[in-house]
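A short write-up of the structure that comes next.
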Amino acid sequence: MNPHAYTPMPEGGILLDLTSCRDWGMVQDAIRRAFGFPAHYGENWDAMWDCLTDLFWVTDDRHIVVRGLDALPPDLRAYAEPLRQVLEDLRTRCSRLRVTYC
């Protein structure tokens, strides 16, 4: 497998599960795995935006489920708060995208 390529996203839903994350590295690793980002993913919010806009040019219906964001420890929840804005900006850009938090 090419470490510089994106892993194909599953059709339909994408689960970003943050329930076991205990530090920022674990949050970024969960993001990389959920979206199939390449090995060179920069592990920051700008890099996430760049990778997502590479992926979400398709016109198919997509659903992102973010699990556990509100259950993160307080300091980690504050770190991860920009995730909501990144996904909202993406949702605005991609009209057939739904984002659910649980």
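Here's how to read the names in the structure tokens: chain A, B, ... by the order shown, residue numbers from 1 in each chain, ligand numbers from 1 in the order shown.
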Neighbour list for Leu90 in chain A as an mmCIF file with N, CA and C atoms, in the first residue's frame, cut-off 10 Å, only C-alpha atoms, skip fewer than 3 positions in-chain:
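Listing of result.cif after writing:
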```cif
data_model
loop_
_atom_site.group_PDB
_atom_site.id
_atom_site.type_symbol
_atom_site.label_atom_id
_atom_site.label_comp_id
_atom_site.auth_asym_id
_atom_site.auth_seq_id
_atom_site.Cartn_x
_atom_site.Cartn_y
_atom_site.Cartn_z
ATOM 1 N N TRP A 49 -8.093 20.410 6.894
ATOM 2 C CA TRP A 49 -8.898 21.104 5.884
ATOM 3 C C TRP A 49 -8.379 20.796 4.485
ATOM 4 N N LEU A 52 -9.304 17.209 3.605
ATOM 5 C CA LEU A 52 -10.745 17.039 3.412
ATOM 6 C C LEU A 52 -11.216 17.655 2.108
ATOM 7 N N THR A 53 -10.676 18.810 1.751
ATOM 8 C CA THR A 53 -11.112 19.432 0.506
ATOM 9 C C THR A 53 -10.567 18.679 -0.701
ATOM 10 N N PHE A 56 -13.466 15.676 -0.539
ATOM 11 C CA PHE A 56 -14.896 15.954 -0.634
ATOM 12 C C PHE A 56 -15.254 16.836 -1.819
ATOM 13 N N ARG A 84 -15.122 21.141 14.997
ATOM 14 C CA ARG A 84 -16.509 21.495 14.648
ATOM 15 C C ARG A 84 -16.539 22.522 13.517
ATOM 16 N N GLN A 85 -15.680 23.528 13.607
ATOM 17 C CA GLN A 85 -15.672 24.574 12.579
ATOM 18 C C GLN A 85 -15.175 24.037 11.246
ATOM 19 N N VAL A 86 -14.153 23.188 11.267
ATOM 20 C CA VAL A 86 -13.655 22.583 10.029
ATOM 21 C C VAL A 86 -14.771 21.792 9.355
ATOM 22 N N LEU A 87 -15.485 20.982 10.123
ATOM 23 C CA LEU A 87 -16.549 20.170 9.538
ATOM 24 C C LEU A 87 -17.741 21.027 9.100
ATOM 25 N N ARG A 93 -19.588 23.853 2.200
ATOM 26 C CA ARG A 93 -19.011 23.705 0.862
ATOM 27 C C ARG A 93 -19.628 22.527 0.093
ATOM 28 N N CYS A 94 -20.010 21.486 0.816
ATOM 29 C CA CYS A 94 -20.536 20.256 0.209
ATOM 30 C C CYS A 94 -21.972 20.061 0.671
ATOM 31 N N SER A 95 -22.905 20.466 -0.136
ATOM 32 C CA SER A 95 -24.308 20.502 0.275
ATOM 33 C C SER A 95 -24.896 19.127 0.575
ATOM 34 N N LEU A 97 -23.443 16.761 2.281
ATOM 35 C CA LEU A 97 -22.738 16.221 3.434
ATOM 36 C C LEU A 97 -23.547 16.493 4.699
ATOM 37 N N ARG A 98 -23.691 15.465 5.529
ATOM 38 C CA ARG A 98 -24.320 15.611 6.844
ATOM 39 C C ARG A 98 -23.273 15.287 7.901
ATOM 40 N N VAL A 99 -23.302 16.022 9.001
ATOM 41 C CA VAL A 99 -22.399 15.771 10.131
ATOM 42 C C VAL A 99 -23.259 15.606 11.375
#
```
Could I get the residues of range 58-82 of chain A with an atom no further than 12 Å from an atom of range 44-47 of chain A, each paired with its nearest atom pair and that distance in Å to one decimal, using only C-alpha atoms, sorted by chain and residue number, as a Markdown table?
```
| residue | atom | partner | partner_atom | distance |
| --- | --- | --- | --- | --- |
| A:Tyr79 | CA | A:Trp45 | CA | 10.3 |
| A:Ala80 | CA | A:Trp45 | CA | 9.2 |
| A:Glu81 | CA | A:Trp45 | CA | 10.3 |
| A:Pro82 | CA | A:Trp45 | CA | 7.2 |
```
Export N, CA and C atoms of the chosen residues as a CSV table (one decimal), in the first residue's frame?
```
chain,number,residue,atom,x,y,z
A,79,TYR,N,-8.9,21.7,22.8
A,79,TYR,CA,-8.0,21.6,21.7
A,79,TYR,C,-8.7,21.1,20.5
A,80,ALA,N,-9.7,20.2,20.6
A,80,ALA,CA,-10.4,19.6,19.5
A,80,ALA,C,-11.6,20.5,19.0
A,81,GLU,N,-11.9,21.6,19.7
A,81,GLU,CA,-13.1,22.4,19.3
A,81,GLU,C,-13.0,22.9,17.9
A,82,PRO,N,-11.9,23.2,17.3
A,82,PRO,CA,-11.8,23.7,15.9
A,82,PRO,C,-12.3,22.6,14.9
```
Choose the residue, out of A:Ala34, A:Met48, A:Ala39, A:Leu83, that has the smallest atom-to-atom separation from Leu69 in chain A; count only C-alpha atoms.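 Of A:Ala34, A:Met48, A:Ala39, A:Leu83, the one nearest Leu69 in chain A, counting only C-alpha atoms, is A:Leu83.
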Can you pull out every residue within 12 Å of Arg22 in chain A, counting only C-alpha atoms, but drop anything in the same chain fewer than 6 positions away, and send it as a VMD selection string? chain A and resid 28 to 30 68 to 69 71 to 77 79 to 80
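Among A:Gly42, A:Gly36, A:Glu88, A:Asp70, the residue with the shortest atom-to-atom distance to Leu55 in chain A, counting only C-alpha atoms, is A:Gly36.
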I need the alpha helix (DSSP H) residues of range 26-85 of chain A per DSSP on the backbone, written as an MDAnalysis selection string. chainID A and resid 26:35 45:55 74:80 82:85
Might you pull out every residue within 9 Å of Val65 in chain A, with only C-alpha atoms counted and same-chain residues fewer than 4 positions away left off, and present them as a ChimeraX atom specification? /A:13-17,98-102
Between CA of Val66 in chain A and CA of Met26 in chain A, what distance in Å does the model show, to one decimal? 14.5 Å
Step one, run DSSP on the backbone; step two, keep only residues of chain A assigned to strand (DSSP E); then write them as a list in words. Gly13, Ile14, Leu15, Leu16, Asp17, Arg62, His63, Ile64, Val65, Val66, Arg67, Leu97, Arg98, Val99, Thr100 and Tyr101 of chain A
Written file, previous selection with C-alpha atoms, as a tab-separated table (two decimals), in the first residue's frame:
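out-v8.tsv was written with the following content:
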```tsv
chain	number	residue	atom	x	y	z
A	13	GLY	CA	-20.93	7.04	6.41
A	14	ILE	CA	-17.61	7.85	8.02
A	15	LEU	CA	-17.18	7.28	11.74
A	16	LEU	CA	-14.71	9.51	13.58
A	17	ASP	CA	-14.52	7.85	16.99
A	62	ARG	CA	-21.86	11.57	2.66
A	63	HIS	CA	-22.43	11.35	6.39
A	64	ILE	CA	-19.75	11.98	9.01
A	65	VAL	CA	-20.52	10.75	12.52
A	66	VAL	CA	-18.29	12.21	15.23
A	67	ARG	CA	-18.47	10.10	18.37
A	97	LEU	CA	-22.74	16.22	3.43
A	98	ARG	CA	-24.32	15.61	6.84
A	99	VAL	CA	-22.40	15.77	10.13
A	100	THR	CA	-23.75	14.22	13.32
A	101	TYR	CA	-22.25	14.43	16.82
```
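The interatomic distance for the pair CA of Leu18 in chain A and CA of Ile31 in chain A works out to 8.6 Å.
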